[in-house]
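**Student:** PDB, C-alpha atoms and all ligand atoms, saved as structure-v4.pdb, coming up:
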ATOM      1  CA  MET A   1     -29.769 -62.120  45.902
ATOM      2  CA  ARG A   2     -30.924 -61.012  42.482
ATOM      3  CA  ILE A   3     -28.325 -60.973  39.699
ATOM      4  CA  ARG A   4     -28.768 -59.009  36.492
ATOM      5  CA  VAL A   5     -26.369 -59.973  33.758
ATOM      6  CA  ASN A   6     -26.142 -59.789  30.004
ATOM      7  CA  ILE A   7     -25.581 -63.273  28.623
ATOM      8  CA  ASN A   8     -24.841 -63.860  24.959
ATOM      9  CA  GLY A   9     -26.390 -60.508  24.132
ATOM     10  CA  GLU A  10     -29.548 -60.935  26.188
ATOM     11  CA  PRO A  11     -30.432 -59.452  29.584
ATOM     12  CA  ARG A  12     -31.055 -62.234  32.116
ATOM     13  CA  THR A  13     -31.835 -62.310  35.816
ATOM     14  CA  ALA A  14     -31.483 -65.009  38.433
ATOM     15  CA  GLU A  15     -32.166 -65.320  42.150
ATOM     16  CA  VAL A  16     -29.111 -67.003  43.685
ATOM     17  CA  TRP A  17     -27.607 -67.472  47.127
ATOM     18  CA  PRO A  18     -24.707 -65.047  47.757
ATOM     19  CA  GLY A  19     -22.073 -67.783  47.536
ATOM     20  CA  ALA A  20     -23.247 -69.172  44.197
ATOM     21  CA  SER A  21     -20.677 -69.343  41.443
ATOM     22  CA  LEU A  22     -21.209 -67.967  37.984
ATOM     23  CA  LEU A  23     -21.010 -71.568  36.757
ATOM     24  CA  PHE A  24     -23.800 -72.662  39.102
ATOM     25  CA  MET A  25     -25.979 -69.744  38.031
ATOM     26  CA  LEU A  26     -25.430 -70.479  34.336
ATOM     27  CA  ARG A  27     -26.124 -74.191  34.636
ATOM     28  CA  GLU A  28     -28.715 -74.436  37.385
ATOM     29  CA  HIS A  29     -30.625 -71.150  37.136
ATOM     30  CA  LEU A  30     -30.333 -70.140  33.504
ATOM     31  CA  GLY A  31     -30.327 -73.481  31.685
ATOM     32  CA  LEU A  32     -26.973 -72.872  29.996
ATOM     33  CA  ALA A  33     -25.192 -76.210  30.392
ATOM     34  CA  GLY A  34     -22.416 -75.655  27.849
ATOM     35  CA  ALA A  35     -19.868 -74.770  30.520
ATOM     36  CA  LYS A  36     -19.127 -78.032  32.353
ATOM     37  CA  ASN A  37     -18.564 -78.609  36.043
ATOM     38  CA  ALA A  38     -15.627 -80.986  36.304
ATOM     39  CA  CYS A  39     -13.361 -79.879  39.155
ATOM     40  CA  GLU A  40     -14.970 -76.740  40.588
ATOM     41  CA  GLN A  41     -11.476 -75.636  41.644
ATOM     42  CA  GLY A  42     -10.132 -73.735  38.665
ATOM     43  CA  GLU A  43      -7.955 -76.663  37.609
ATOM     44  CA  CYS A  44      -9.512 -78.063  34.429
ATOM     45  CA  GLY A  45     -10.901 -75.261  32.261
ATOM     46  CA  SER A  46     -14.081 -77.159  31.414
ATOM     47  CA  CYS A  47     -16.166 -74.255  32.721
ATOM     48  CA  SER A  48     -14.498 -71.555  30.568
ATOM     49  CA  VAL A  49     -16.639 -68.549  29.638
ATOM     50  CA  TRP A  50     -15.941 -64.943  28.711
ATOM     51  CA  LEU A  51     -16.579 -62.248  31.321
ATOM     52  CA  ASP A  52     -16.414 -58.795  29.734
ATOM     53  CA  GLY A  53     -14.409 -60.391  26.923
ATOM     54  CA  THR A  54     -11.844 -62.108  29.134
ATOM     55  CA  LEU A  55     -11.692 -65.873  29.488
ATOM     56  CA  VAL A  56     -12.407 -67.000  33.052
ATOM     57  CA  CYS A  57     -13.153 -70.210  34.901
ATOM     58  CA  ALA A  58     -16.824 -69.735  35.767
ATOM     59  CA  CYS A  59     -16.407 -71.988  38.808
ATOM     60  CA  LEU A  60     -14.039 -69.442  40.357
ATOM     61  CA  VAL A  61     -16.221 -66.382  39.753
ATOM     62  CA  LEU A  62     -19.122 -65.542  42.034
ATOM     63  CA  ALA A  63     -22.400 -64.976  40.273
ATOM     64  CA  ALA A  64     -22.463 -61.669  42.159
ATOM     65  CA  GLN A  65     -19.242 -60.624  40.423
ATOM     66  CA  ALA A  66     -21.041 -60.866  37.088
ATOM     67  CA  GLN A  67     -23.638 -58.297  38.167
ATOM     68  CA  ASP A  68     -24.333 -55.888  35.289
ATOM     69  CA  ARG A  69     -21.539 -57.381  33.210
ATOM     70  CA  GLU A  70     -21.306 -59.224  29.883
ATOM     71  CA  VAL A  71     -20.981 -62.986  29.901
ATOM     72  CA  ARG A  72     -20.469 -64.997  26.725
ATOM     73  CA  THR A  73     -20.710 -68.751  26.763
ATOM     74  CA  LEU A  74     -20.233 -71.700  24.460
ATOM     75  CA  GLU A  75     -23.877 -71.315  23.437
ATOM     76  CA  ALA A  76     -22.975 -68.050  21.665
ATOM     77  CA  LEU A  77     -20.710 -69.865  19.217
ATOM     78  CA  GLY A  78     -22.176 -71.148  15.988
ATOM     79  CA  SER A  79     -25.755 -70.480  15.001
ATOM     80  CA  GLU A  80     -28.981 -72.365  14.499
ATOM     81  CA  GLY A  81     -28.154 -75.522  12.574
ATOM     82  CA  ARG A  82     -24.544 -74.480  11.960
ATOM     83  CA  VAL A  83     -21.634 -75.248  14.250
ATOM     84  CA  HIS A  84     -18.753 -72.826  14.774
ATOM     85  CA  PRO A  85     -15.599 -73.561  12.713
ATOM     86  CA  VAL A  86     -13.747 -74.510  15.911
ATOM     87  CA  GLN A  87     -16.438 -77.040  16.814
ATOM     88  CA  ASP A  88     -16.363 -78.386  13.274
ATOM     89  CA  ALA A  89     -12.580 -78.709  13.429
ATOM     90  CA  PHE A  90     -12.783 -80.701  16.676
ATOM     91  CA  LEU A  91     -15.169 -83.124  15.007
ATOM     92  CA  GLU A  92     -13.068 -83.412  11.858
ATOM     93  CA  ALA A  93      -9.836 -83.982  13.787
ATOM     94  CA  GLY A  94     -11.412 -86.586  16.062
ATOM     95  CA  ALA A  95     -10.493 -84.429  19.051
ATOM     96  CA  VAL A  96     -13.602 -85.421  21.004
ATOM     97  CA  GLN A  97     -13.677 -88.619  23.052
ATOM     98  CA  CYS A  98     -15.697 -88.462  26.267
ATOM     99  CA  GLY A  99     -16.318 -84.805  25.395
ATOM    100  CA  PHE A 100     -16.202 -83.486  28.924
ATOM    101  CA  CYS A 101     -13.296 -81.138  28.216
ATOM    102  CA  THR A 102     -14.547 -80.168  24.773
ATOM    103  CA  PRO A 103     -16.767 -77.158  25.559
ATOM    104  CA  GLY A 104     -13.999 -75.474  27.547
ATOM    105  CA  LEU A 105     -11.434 -76.246  24.873
ATOM    106  CA  VAL A 106     -13.674 -74.942  22.098
ATOM    107  CA  VAL A 107     -14.148 -71.684  24.007
ATOM    108  CA  ALA A 108     -10.405 -71.421  24.712
ATOM    109  CA  VAL A 109      -9.469 -72.117  21.074
ATOM    110  CA  ALA A 110     -12.049 -69.621  19.801
ATOM    111  CA  ASP A 111     -10.601 -67.053  22.199
ATOM    112  CA  LEU A 112      -7.038 -67.774  21.080
ATOM    113  CA  LEU A 113      -7.795 -67.633  17.353
ATOM    114  CA  ALA A 114      -9.711 -64.373  17.763
ATOM    115  CA  ARG A 115      -6.553 -62.856  19.250
ATOM    116  CA  ASP A 116      -3.982 -64.715  17.146
ATOM    117  CA  PRO A 117      -5.295 -66.275  13.925
ATOM    118  CA  SER A 118      -2.026 -68.120  13.190
ATOM    119  CA  PRO A 119      -0.582 -69.262  16.498
ATOM    120  CA  ASP A 120       2.467 -71.515  16.471
ATOM    121  CA  GLU A 121       2.362 -74.733  18.477
ATOM    122  CA  ALA A 122       4.085 -73.247  21.525
ATOM    123  CA  VAL A 123       1.506 -70.470  21.675
ATOM    124  CA  VAL A 124      -1.343 -72.979  21.317
ATOM    125  CA  ARG A 125       0.052 -75.186  24.069
ATOM    126  CA  GLU A 126       0.460 -72.197  26.367
ATOM    127  CA  ALA A 127      -3.043 -70.889  25.592
ATOM    128  CA  LEU A 128      -4.597 -74.296  26.289
ATOM    129  CA  SER A 129      -2.450 -75.135  29.295
ATOM    130  CA  GLY A 130      -5.379 -74.491  31.632
ATOM    131  CA  ASN A 131      -7.645 -76.960  29.824
ATOM    132  CA  LEU A 132      -7.192 -80.556  30.905
ATOM    133  CA  CYS A 133      -8.156 -83.539  28.772
ATOM    134  CA  ARG A 134      -7.842 -87.033  30.183
ATOM    135  CA  CYS A 135      -8.660 -88.857  26.954
ATOM    136  CA  THR A 136      -7.027 -87.578  23.784
ATOM    137  CA  GLY A 137      -3.361 -87.056  24.608
ATOM    138  CA  TYR A 138      -3.809 -83.566  23.070
ATOM    139  CA  ALA A 139      -2.405 -84.434  19.612
ATOM    140  CA  LYS A 140      -5.818 -84.384  17.978
ATOM    141  CA  ILE A 141      -6.703 -81.211  19.819
ATOM    142  CA  LEU A 142      -3.625 -79.553  18.288
ATOM    143  CA  ASP A 143      -4.746 -80.894  14.900
ATOM    144  CA  ALA A 144      -8.157 -79.323  15.488
ATOM    145  CA  VAL A 145      -6.566 -75.961  16.259
ATOM    146  CA  ARG A 146      -4.593 -76.123  13.000
ATOM    147  CA  ILE A 147      -7.739 -76.971  11.027
ATOM    148  CA  ALA A 148      -9.766 -74.226  12.707
ATOM    149  CA  SER A 149      -6.987 -71.692  12.194
ATOM    150  CA  GLY A 150      -6.885 -72.479   8.476
ATOM    151  CA  ARG A 151     -10.656 -72.283   8.145
ATOM    152  CA  LEU A 152     -10.980 -69.008  10.027
ATOM    153  CA  ARG A 153      -8.236 -67.461   7.898
ATOM    154  CA  GLY A 154     -10.165 -68.512   4.813
ATOM    155  CA  GLY A 155      -7.908 -71.385   3.820
ATOM    156  CA  THR A 156      -8.816 -75.026   3.521
ATOM    157  CA  GLY A 157      -7.421 -75.953   6.946
TER     158      GLY A 157
HETATM  159  S1  LIG B   1     -14.849 -76.773  36.709
HETATM  160 FE1  LIG B   1     -13.981 -74.818  36.637
HETATM  161  S2  LIG B   1     -11.883 -75.140  36.216
HETATM  162 FE2  LIG B   1     -12.708 -77.152  36.448
HETATM  163  S1  LIG B   2     -12.206 -85.960  25.551
HETATM  164 FE1  LIG B   2     -12.436 -86.824  27.543
HETATM  165  S2  LIG B   2     -11.508 -85.356  28.850
HETATM  166 FE2  LIG B   2     -11.063 -84.659  26.858
END
Output the file's structure in the form of C-alpha cells.

**Tutor:**
Amino acid sequence: MRIRVNINGEPRTAEVWPGASLLFMLREHLGLAGAKNACEQGECGSCSVWLDGTLVCACLVLAAQAQDREVRTLEALGSEGRVHPVQDAFLEAGAVQCGFCTPGLVVAVADLLARDPSPDEAVVREALSGNLCRCTGYAKILDAVRIASGRLRGGTG
C-alpha cells in the first residue's frame, strides 16, 4: 500500500506492506535511521518519534496509521553542522555510552522540555520512564536534562 506522510516538514511517500510499522517505513523505506529498533515491542523507547505532535513508539504504530499525518523524527532536531541543545547536553554530561538508547532519549527530553522547561527530577524520571538505558545508570542522563534545561532557558546550564 502507498503511504503519504509529512515527515519533518516534507511530503514523503512509501510503498509498504499493510503490516509494516511506522518505524520500519522510516528506517527501511525512507532512510531515516535516527529512530532505533531495539525491542520492537513498545518497551524501550529507542524508536520514539512525534506523530501529530505526540510522542509515540514508532514500532507500535502502523505505517498506515501515519497516512496524511505529521511525523517528526530525531533528524528534525538541530540543523546542518549544529546539534540541538539536548544532544549537546548529552555529550557534555557523558550520557552516551553504547548510544543505542540515545536517539529516543534525546527526542523524549526535547519533548519534555518543550512542555516543561524547568522540570523537577520526579517529573524528568516520570517523563523518561519509557526509555530504557542498559549502560549509564541514568545519573548522567539526568545531568544532561539539567544542562539542556538551563541552556534552553537561556542560562549557562
Ligand atoms: S523499539 Fe520501539 S519501544 Fe523498543
Ligand atoms: S547508552 Fe547504552 S543503552 Fe543507553

**Student:** Give as a VMD selection string the residues that the PyMOL selection byres (((chain A and resi 113) around 10) and not hetatm) matches when applied to the coordinates above.

**Tutor:** chain A and resid 86 108 to 112 114 to 119 124 145 148 to 149 152 to 153

**Student:** Just the number, please: distance in Å from atom CA of Arg151 of chain A to atom CA of Gly130 of chain A, one decimal.

**Tutor:**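 These atoms are spaced 24.2 Å apart.
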
**Student:** Apply the PyMOL selection byres (((chain A and resi 49) around 12) and not hetatm) to the file shown and report the selected residues as a tab-separated table (two decimals) with C-alpha atoms, keeping the file's coordinate frame.

**Tutor:**
chain	number	residue	atom	x	y	z
A	7	ILE	CA	-25.58	-63.27	28.62
A	8	ASN	CA	-24.84	-63.86	24.96
A	22	LEU	CA	-21.21	-67.97	37.98
A	23	LEU	CA	-21.01	-71.57	36.76
A	26	LEU	CA	-25.43	-70.48	34.34
A	32	LEU	CA	-26.97	-72.87	30.00
A	33	ALA	CA	-25.19	-76.21	30.39
A	34	GLY	CA	-22.42	-75.66	27.85
A	35	ALA	CA	-19.87	-74.77	30.52
A	36	LYS	CA	-19.13	-78.03	32.35
A	45	GLY	CA	-10.90	-75.26	32.26
A	46	SER	CA	-14.08	-77.16	31.41
A	47	CYS	CA	-16.17	-74.26	32.72
A	48	SER	CA	-14.50	-71.56	30.57
A	50	TRP	CA	-15.94	-64.94	28.71
A	51	LEU	CA	-16.58	-62.25	31.32
A	52	ASP	CA	-16.41	-58.80	29.73
A	53	GLY	CA	-14.41	-60.39	26.92
A	54	THR	CA	-11.84	-62.11	29.13
A	55	LEU	CA	-11.69	-65.87	29.49
A	56	VAL	CA	-12.41	-67.00	33.05
A	57	CYS	CA	-13.15	-70.21	34.90
A	58	ALA	CA	-16.82	-69.74	35.77
A	59	CYS	CA	-16.41	-71.99	38.81
A	60	LEU	CA	-14.04	-69.44	40.36
A	61	VAL	CA	-16.22	-66.38	39.75
A	66	ALA	CA	-21.04	-60.87	37.09
A	70	GLU	CA	-21.31	-59.22	29.88
A	71	VAL	CA	-20.98	-62.99	29.90
A	72	ARG	CA	-20.47	-65.00	26.72
A	73	THR	CA	-20.71	-68.75	26.76
A	74	LEU	CA	-20.23	-71.70	24.46
A	75	GLU	CA	-23.88	-71.32	23.44
A	76	ALA	CA	-22.98	-68.05	21.66
A	77	LEU	CA	-20.71	-69.86	19.22
A	103	PRO	CA	-16.77	-77.16	25.56
A	104	GLY	CA	-14.00	-75.47	27.55
A	105	LEU	CA	-11.43	-76.25	24.87
A	106	VAL	CA	-13.67	-74.94	22.10
A	107	VAL	CA	-14.15	-71.68	24.01
A	108	ALA	CA	-10.40	-71.42	24.71
A	109	VAL	CA	-9.47	-72.12	21.07
A	110	ALA	CA	-12.05	-69.62	19.80
A	111	ASP	CA	-10.60	-67.05	22.20

**Student:** To test your reading of the syntax: which residues would the PyMOL selection byres (((chain A and resi 147) around 10) and not hetatm) return for the file shown? Reply as a ChimeraX atom specification.

**Tutor:** /A:85-86,88-90,92-93,141-146,148-152,155-157

**Student:** Limited to C-alpha atoms, could you put the picked residues into a file as a PDB file, in the coordinates of the input?

**Tutor:**
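New file out-v6.pdb:
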ATOM      1  CA  PRO A  85     -15.599 -73.561  12.713  1.00  0.00           C
ATOM      2  CA  VAL A  86     -13.747 -74.510  15.911  1.00  0.00           C
ATOM      3  CA  ASP A  88     -16.363 -78.386  13.274  1.00  0.00           C
ATOM      4  CA  ALA A  89     -12.580 -78.709  13.429  1.00  0.00           C
ATOM      5  CA  PHE A  90     -12.783 -80.701  16.676  1.00  0.00           C
ATOM      6  CA  GLU A  92     -13.068 -83.412  11.858  1.00  0.00           C
ATOM      7  CA  ALA A  93      -9.836 -83.982  13.787  1.00  0.00           C
ATOM      8  CA  ILE A 141      -6.703 -81.211  19.819  1.00  0.00           C
ATOM      9  CA  LEU A 142      -3.625 -79.553  18.288  1.00  0.00           C
ATOM     10  CA  ASP A 143      -4.746 -80.894  14.900  1.00  0.00           C
ATOM     11  CA  ALA A 144      -8.157 -79.323  15.488  1.00  0.00           C
ATOM     12  CA  VAL A 145      -6.566 -75.961  16.259  1.00  0.00           C
ATOM     13  CA  ARG A 146      -4.593 -76.123  13.000  1.00  0.00           C
ATOM     14  CA  ALA A 148      -9.766 -74.226  12.707  1.00  0.00           C
ATOM     15  CA  SER A 149      -6.987 -71.692  12.194  1.00  0.00           C
ATOM     16  CA  GLY A 150      -6.885 -72.479   8.476  1.00  0.00           C
ATOM     17  CA  ARG A 151     -10.656 -72.283   8.145  1.00  0.00           C
ATOM     18  CA  LEU A 152     -10.980 -69.008  10.027  1.00  0.00           C
ATOM     19  CA  GLY A 155      -7.908 -71.385   3.820  1.00  0.00           C
ATOM     20  CA  THR A 156      -8.816 -75.026   3.521  1.00  0.00           C
ATOM     21  CA  GLY A 157      -7.421 -75.953   6.946  1.00  0.00           C
TER      22      GLY A 157
END

**Student:** For Thr136 of chain A, work out the shell of residues within 9 Å, counting all atoms listed in the file and skipping chain neighbours fewer than 6 positions away, then give it as a list in words.

**Tutor:** Gly94, Ala95, Val96 and Gln97 of chain A

**Student:** Taking all atoms listed in the file into account, which of A:Leu132, A:Arg4, A:Ala64, A:Glu28 comes nearest ligand LIG 1 (chain B)?

**Tutor:** A:Leu132

**Student:** Identify which of the residues A:Ala63, A:Ala38, A:Ala127, A:Ala14 lies closest to ligand LIG 2 (chain B), counting all atoms listed in the file when measuring atom-to-atom distances.

**Tutor:**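 Nearest candidate to ligand LIG 2 (chain B) out of A:Ala63, A:Ala38, A:Ala127, A:Ala14: A:Ala38.
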
**Student:** Which is closest to Pro18 of chain A among A:Gln65, A:Glu80, A:Gln41, A:Asn6, if we use only C-alpha atoms?

**Tutor:**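 Among the listed residues, A:Gln65 lies closest to Pro18 of chain A.
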
**Student:** Could you work out an axis-aligned box for ligand LIG 1 (chain B), taking every atom the file lists and adding 5 Å on each side, and report centre and edge lengths in Å to one decimal, as JSON?

**Tutor:**
{"center_x": -13.4, "center_y": -76.0, "center_z": 36.5, "size_x": 13.0, "size_y": 12.3, "size_z": 10.5}

**Student:** Using only C-alpha atoms and all ligand atoms, what table do you get, as a Markdown table, when you list each residue of chain A with an atom no more than 6 Å from ligand LIG 2 (chain B), its nearest pair of atoms, and their distance in Å rounded to one decimal, rows by chain then rising number?

**Tutor:**
| residue | atom | partner | partner_atom | distance |
| --- | --- | --- | --- | --- |
| A:Val96 | CA | B:LIG2 | S1 | 4.8 |
| A:Gln97 | CA | B:LIG2 | S1 | 3.9 |
| A:Cys98 | CA | B:LIG2 | FE1 | 3.9 |
| A:Gly99 | CA | B:LIG2 | S1 | 4.3 |
| A:Phe100 | CA | B:LIG2 | S2 | 5.1 |
| A:Cys101 | CA | B:LIG2 | FE2 | 4.4 |
| A:Cys133 | CA | B:LIG2 | FE2 | 3.7 |
| A:Arg134 | CA | B:LIG2 | S2 | 4.2 |
| A:Cys135 | CA | B:LIG2 | FE1 | 4.3 |
| A:Thr136 | CA | B:LIG2 | S1 | 5.7 |

**Student:** Which residue is closest to ligand LIG 1 (chain B)? Choose from A:His84, A:Arg27, A:Arg2, A:Asn131 and count all atoms listed in the file.

**Tutor:**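 Answer, going by the shortest atom-to-atom distance: A:Asn131.
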